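Notes for the one structure printed next.
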Number of protein chains: 6
Amino acid sequence: MIELTDIAYVRSGAADLDTAVRFAVDVVGLQPVPDLDSTVDAEPRVAHLRADTRHHCLAFVEGGSGVIASAFTVRDEDALALAETELETRGFTVRRGTAAETRSRRVGAFVGFDDPFGNHVELVVGQQTLARPVEAARHAGITEFGHLCLDAPDTTEAYRFWSTTFNARVSDWIGDAACLMRIDEVHHKLAVFKGDGPGLCHVNFQVAELDDVFRNWHHLQEQDVLIEMGPGRHPQSGAVFLYFLGPEGLTYEYSYGVRRITDEAAWRPRYFDPAERGSIDMWLGPTQKPVTQPQVTPPQVTPPLVLPEAVHP
Amino acid sequence: MIELTDIAYVRSGAADLDTAVRFAVDVVGLQPVPDLDSTVDAEPRVAHLRADTRHHCLAFVEGGSGVIASAFTVRDEDALALAETELETRGFTVRRGTAAETRSRRVGAFVGFDDPFGNHVELVVGQQTLARPVEAARHAGITEFGHLCLDAPDTTEAYRFWSTTFNARVSDWIGDAACLMRIDEVHHKLAVFKGDGPGLCHVNFQVAELDDVFRNWHHLQEQDVLIEMGPGRHPQSGAVFLYFLGPEGLTYEYSYGVRRITDEAAWRPRYFDPAERGSIDMWLGPTQKPVTQPQVTPPQVTPPLVLPEAVHP
Amino acid sequence: MIELTDIAYVRSGAADLDTAVRFAVDVVGLQPVPDLDSTVDAEPRVAHLRADTRHHCLAFVEGGSGVIASAFTVRDEDALALAETELETRGFTVRRGTAAETRSRRVGAFVGFDDPFGNHVELVVGQQTLARPVEAARHAGITEFGHLCLDAPDTTEAYRFWSTTFNARVSDWIGDAACLMRIDEVHHKLAVFKGDGPGLCHVNFQVAELDDVFRNWHHLQEQDVLIEMGPGRHPQSGAVFLYFLGPEGLTYEYSYGVRRITDEAAWRPRYFDPAERGSIDMWLGPTQKPVTQPQVTPPQVTPPLVLPEAVHP
Amino acid sequence: MIELTDIAYVRSGAADLDTAVRFAVDVVGLQPVPDLDSTVDAEPRVAHLRADTRHHCLAFVEGGSGVIASAFTVRDEDALALAETELETRGFTVRRGTAAETRSRRVGAFVGFDDPFGNHVELVVGQQTLARPVEAARHAGITEFGHLCLDAPDTTEAYRFWSTTFNARVSDWIGDAACLMRIDEVHHKLAVFKGDGPGLCHVNFQVAELDDVFRNWHHLQEQDVLIEMGPGRHPQSGAVFLYFLGPEGLTYEYSYGVRRITDEAAWRPRYFDPAERGSIDMWLGPTQKPVTQPQVTPPQVTPPLVLPEAVHP
Amino acid sequence: MIELTDIAYVRSGAADLDTAVRFAVDVVGLQPVPDLDSTVDAEPRVAHLRADTRHHCLAFVEGGSGVIASAFTVRDEDALALAETELETRGFTVRRGTAAETRSRRVGAFVGFDDPFGNHVELVVGQQTLARPVEAARHAGITEFGHLCLDAPDTTEAYRFWSTTFNARVSDWIGDAACLMRIDEVHHKLAVFKGDGPGLCHVNFQVAELDDVFRNWHHLQEQDVLIEMGPGRHPQSGAVFLYFLGPEGLTYEYSYGVRRITDEAAWRPRYFDPAERGSIDMWLGPTQKPVTQPQVTPPQVTPPLVLPEAVHP
Amino acid sequence: MIELTDIAYVRSGAADLDTAVRFAVDVVGLQPVPDLDSTVDAEPRVAHLRADTRHHCLAFVEGGSGVIASAFTVRDEDALALAETELETRGFTVRRGTAAETRSRRVGAFVGFDDPFGNHVELVVGQQTLARPVEAARHAGITEFGHLCLDAPDTTEAYRFWSTTFNARVSDWIGDAACLMRIDEVHHKLAVFKGDGPGLCHVNFQVAELDDVFRNWHHLQEQDVLIEMGPGRHPQSGAVFLYFLGPEGLTYEYSYGVRRITDEAAWRPRYFDPAERGSIDMWLGPTQKPVTQPQVTPPQVTPPLVLPEAVHP
């Protein structure tokens, strides 16, 4: 079993990189991280965006729209090597990242593979920590990259995959529509939603206060951003949420007050029927599944030399 | 100085009594209090509604729309007699309630007078306490009659009146648009808003949890109730609020989390400019003054024998 | 104003002394206090019963049924002298107790007078404290003489009397049916109930645990004792109660969990309408006024030499 | 050993479904859960009643009177599969629930079997959680489905069965009349009472306050409901109890203040002789065994296609 | 190793049963437990006396003076069966109690054997708990059956026996005169004193307050009871003690304030030389070994059919 | 009113000085304070004994047996001057101490007078404090000079004297046999007992632990000291006591655990009848009034020049 120690980042293709970045900075409230060097000529334009001490948790790569990779941290190089072996033993095709790819992700090393449903996943070690405070141009109150959510056609199968290959434990089920999983005390850092194909259902950012959710809500409305769902409150995590749609079909979520499961042994996963009122929003507001950003398809990734960061054969 | 010990009730005229009651019960979530007797023949139909241990905090009197009286408690009979004297000394016309009026209000005794702006105020002793639990048909989470808010053309003058005649202390100012006053630890149990004439700006009910505010919000939307303002959060009291309009032009407010001022000596009233964003709603949502229910005008109150509870010369 | 520091005892006439004592001991659970001497020849037979460190809180005097006196403690001899003067100034006839009467009450000195409604009241100093533990033959769990309750035709007048002549403060009103008053932190140590004439409405004993109330309830039922009211819970004091009728028309009450009012300044007396459900018993059980033991009428008290303890001209 | 993680529901046949539901709602204070769909044509009428976050803890199935099944939760699908195997290894006939039965129970999957005494037991996974607040029409103060109690002719044998097949630990014995068992911290969530044949001795609901027990007591009396036992207090769990009989011979219990056993290692089961006073009711009131609702007999369950939810061969 | 979970009772023969009981009730302060049935015809007269929630901790059996058995509790039937096997493996003759004997002891089952020094010991399961409060006729303040103390000629050998066969741990040594052992947190629930032959050195009762020890001291003096030792204070347990002699040569001890050893790992047994002043009584009063009640000898126990409870071959 | 701030010392005449000192040192456990100088030739032999930081609390003056003076501290010289004036105003003859007397008492200044009952009292300022630890030859556990007790024929009159002339407040009454008074938080530092004439009823020393009282008890018995009363426990102060008789008719008391009255306003003096059991000793042991050492009579005090410390005309 491979132990995931945290989530690391989401890497996403942007057809209109500048618009995507501007939205992330001016609307979402992330901080762009300037490039330290430009020696890697072959790399397409990549924008790094940070929310916390991670160097970045969201990277936009100029190119076709669509999620490129979702990344998790493992403990160290040995753990990475073991993970690589274990995945290959189980029949997955695993690829080591090149130096340029590694540099671009600001990690020490990583491997990539496709999960059984086509989501491209990266396991990393040595993700850079930035010591200087986050300085966002817009004060949205973001404190942390909260969780990421993938799509799969069968959430039970997805749970079987994540809970047997990795240390993911189910925290709660929303029928077969969603499986919320934890890899540390946070109620869920990984969720799998039922969807037609692979993709990034949404990316979540925690905010510091209840007030931030609501101030952001009004800000988004003023900016004519499409509010997909909320403000509402999830009965599973207890978090107040707000989902909204950014450029390139990427759904963002703000949330506040997520539950921490401190007594592993005592927790019993619960089952919520999405058809019952309140199962998604305990405030009983209208609900809908957020827009998923599809996984970038293989054709886009050739030739690898030109767009190395999007390669995952 | 007359010491107000609490707010007691609001008494309001209802042209369509049944609709007003149905809204208060099925939408707002108050509990109707059945009459114990029907010996007072001359009385018009009166409906009593409770929210807490008070016998009622809202009474609808069949007749013309409009607020009839806003009532406060004083300590005991002696305090009431002194208040009567003091008000008359200051030039107010004060009228003792008759037995039938007293019975209708479920108090031991009361006096009525018009404040300098035409709002009819009643001072009461012996308001009945009901020992049995509140059992509302709709579970809105209401825990308490929170405050009442009157209109006056000049809030500074209104403050001068309430703070010199009574023990009201200003907690915060919203420019000259509103003066929020406390008579106990609660940030405000009385507010005066700037308005063209006398009237009841709104009546407030506290709810037990943040969730209640939002569940009620969606409930009101489903019932096609007009939301006047909110959900939002007042920076003065720190309370999350929701204003909505009921029948007869009566504005109700739910709120959660009102500040208690436990150190009287340390509190400094603050001044908020209503023109500055966030002064009304620290979540920066759209704001507007709630609809005021005007004070009932004198013509309605004659002859007193027929409608004794609406008399206030 | 005369400061009452505590309640002292109830003194009651018993036509069948042995039966009254047997009930108090075997059913109620009080401890009989043996006489230390028998030198007072002229005294009728008197039985003393204790519940706490007081020498006795209930004394039965052989003779006609009916309450003889209800007694309160004042601080010291000087306070007693001042009380005597003050009462006489207000027009009451006050009589000092004789040596034999004083001895019989186990106090240092006392004065007696009739309240405006005919209840005979005694003010005492130097009530004896017994240091040895209470050893009741029946384990009813009694910890303390809790309060005494008198009858008067007008409770408002009674309140006026007790609150202006003495330091009694009203804690709660039950309409005009009862006025519950405190002289220390206990919610009420004195109550006045509306009744036709003077008399002892009931005498109260606190028990140590909730379990005691209910064990006593079944014990009383097994002994075929008339349960007058309860088990129930008073919304005023919050105490769980049980009223039952003993010989000579004397009503006893067990109660558990009486409220203590520790913040004098913050307490607001409340008004409960006895006609509303739950005003007497917040558990909503059937209620009725307990049987009152009438005040012994003057004829019984002559000649004073023969029945000195019952004299109160 | 099979680990039971909680109790799930009781399923009971009702000859007069409407009366049974009306009693559960208007008298007991449960909330009816509306059906979300009506696609399962073959299903008889089933009414679901909830008391807490469980979708329902009591289901009435139109048909012959009698308990159909008592259900417990196991951790997940794997645990259910293992339980199935273990039970079959021990010689029990175990049947998987069909899709329609599973839907009717609002669980993810379940198996059913008869215990050695003929009680039909179901083990479930994925019982639905309802996120919206419980809104009971009658305010009985119910907070939780507390425990269920089965009958068996030999409680020692029953203990042997439950403690060796499952993780049930005995908390206390009442002679051979009852064995009280815990599967979590609660003193007992499962009890077996000595009875002639299989059946549901009673179903228990916890209430929020002591006051609720007594208010409910009077309410039941006013509704002419048969009080079987109590109000009293069990010395084993320390809970204040009230047993009463509903339609279809189903006994309900309200209780308040059940003991939690937080130190597993330190707890010593105790033995109470039911013939000794106070062993059932430490308040020493009259006691009797509540009426048991017998287990539905096999003939009722054929043909399975018509009454799928009642099948347990 | 057999785990003793508590002490259960002492069973003692009384030549003059009525006097022994009267002393235990009127002087010691125990409560007699009435017989529930008299169906066991062959049984001699047995008196049960309780001090706490145990049905009884002292039973007098009409017959020859002398201790019959000292009993300890084991966890459950399985533990009893294992103990039986283990003792027989070690060469002890173990006898199961008959139904009549079991009933007389108010236990579920028991086995009896002689320890290597001739003390007859019983191991029991299912000792009855009485739920009703202890109601002693004399208020001695007894709260609990504290410990029992046996005699043996060699305390080191006795320790070897008890600590290897059972879970007894030495708490302190008084030279070779006494070995004080614990089986739970209490400093000692079992002690072995050096004596010529087997016997019950004394039986101990804890009292609630220091005052109880001294009040009981004076009470015993007034009743001309022989005080054997004390009031004094044991330096080992820290308990204030008083030993006195009852009928049939049975020594009783009151004690207050016994030490609890809550940190098993940290406790180090200490060694006190009885020849040093203060080793027995840290108050330095005169000391002496209490009178031991000898073990009943075999001849008394025949024929077993007539006196079954005294059989221990 | 003169404010006494503490008790200072007792000064007592000893016919056999060496025996008196030896007893105080070897039996009682006080420390003799060596003389620092011997320049005052005219002084008789005086022995100073200390128990705490006071230079001494007991001084033996060679001469006739009997108490010479009991001393209290006042705040400062001004207070002493005012006391002198006030006493003279009230008709007492007050005498300033000479330099030699002052030196002998190790105070800065003092005045002496006879109370209305003949007890000679001294008021002092500047009593020396000794900084070095008390080093007693016998370790009796004494921590403090606790209180002193005088005799008077009428304790009510004595109370009147001490409470009106000084700041003494009654803490409890033992009928008319004793009045226990406090001048600080300690339950009593001064007591007046009913006696035929003036005298020192006893002098009290507090010990550190309960064990000390009992160890001292056995020590006194071994030394054949007359135990006058105890060990027992006073219900008034709650202190465990032991009274014993020393040479020269001086009664000493050890006590442990005296009550401190920290809420002056809440304390109510209690009245104990000495004829009731337990009023003196709540352990119900035998009681008697301790032996009083009579006040030295005037003849002894002449000529003042020769025996200056005993002069008080």
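Naming scheme: A, B, ... for chains in displayed order of the structure tokens; residues 1 onward per chain; ligands 1 onward as shown.
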Would you pick out the contacts of F:Tyr243 at 12 Å or less, using only C-alpha atoms, so that residues sharing its chain but fewer than 6 positions from it are not included, and give the list as a PyMOL selection string?
chain F and resi 28+201-205+213-214+216-217+220+225-234+250-255+287-292
Hey, could you make a per-residue contact list for chain A against chain D with 7 Å as the cut-off, showing the nearest pair of atoms and its distance in Å to one decimal, counting only C-alpha atoms, sorted by chain and number, as a tab-separated table?
```
residue	atom	partner	partner_atom	distance
A:Pro235	CA	D:Ala131	CA	5.9
A:Arg270	CA	D:Thr129	CA	6.3
A:Tyr271	CA	D:Gln128	CA	4.8
A:Phe272	CA	D:Thr129	CA	5.0
A:Asp273	CA	D:Gln128	CA	6.3
A:Arg277	CA	D:Arg132	CA	6.9
A:Gly278	CA	D:Arg132	CA	5.2
A:Ser279	CA	D:Ala131	CA	5.4
A:Met282	CA	D:Arg132	CA	5.8
```
Spatial neighbours of D:Ala178, 6 Å, only C-alpha atoms, chain gap at least 4 places, as a PDB file with N, CA, C and O atoms, in the first residue's frame:
```
ATOM      1  N   TRP D 173     -26.581  -8.151  34.271  1.00  0.00           N
ATOM      2  CA  TRP D 173     -27.575  -9.209  34.237  1.00  0.00           C
ATOM      3  C   TRP D 173     -28.715  -8.860  35.193  1.00  0.00           C
ATOM      4  O   TRP D 173     -28.466  -8.353  36.283  1.00  0.00           O
ATOM      5  N   ILE D 174     -29.939  -9.158  34.780  1.00  0.00           N
ATOM      6  CA  ILE D 174     -31.054  -9.106  35.743  1.00  0.00           C
ATOM      7  C   ILE D 174     -31.480 -10.559  35.920  1.00  0.00           C
ATOM      8  O   ILE D 174     -32.374 -11.046  35.245  1.00  0.00           O
ATOM      9  N   VAL D 192     -31.535  -8.850  25.700  1.00  0.00           N
ATOM     10  CA  VAL D 192     -32.358 -10.034  25.478  1.00  0.00           C
ATOM     11  C   VAL D 192     -33.114 -10.308  26.769  1.00  0.00           C
ATOM     12  O   VAL D 192     -32.515 -10.384  27.845  1.00  0.00           O
ATOM     13  N   PHE D 193     -34.438 -10.419  26.642  1.00  0.00           N
ATOM     14  CA  PHE D 193     -35.288 -10.699  27.794  1.00  0.00           C
ATOM     15  C   PHE D 193     -35.797 -12.134  27.679  1.00  0.00           C
ATOM     16  O   PHE D 193     -35.951 -12.661  26.574  1.00  0.00           O
TER      17      PHE D 193
END
```
Excluding same-chain residues fewer than 4 positions from E:Ala20, what lies within 9 Å of it counting only C-alpha atoms, as a ChimeraX atom specification?
/E:14-16,24-25,60,246-248
Using only C-alpha atoms, which protein or nucleic acid residues come within 7 Å of E:Gly66? Drop anything in the same chain fewer than 6 positions from it, and give the result as a list in words.
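Residues near the query, excluding close chain neighbours: Ser12, Gly13, Gln293, Pro294, Gln295 and Val296 of chain E.
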Hey, can you spit out that residue selection with C-alpha atoms as a CSV table (one decimal), in the first residue's frame?
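Final output, saved to part-v5.csv:
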```csv
chain,number,residue,atom,x,y,z
E,12,SER,CA,-19.3,-17.5,59.5
E,13,GLY,CA,-20.8,-20.0,61.9
E,293,GLN,CA,-12.0,-16.5,64.6
E,294,PRO,CA,-10.7,-20.0,63.8
E,295,GLN,CA,-11.7,-21.8,60.7
E,296,VAL,CA,-14.5,-24.3,61.3
```
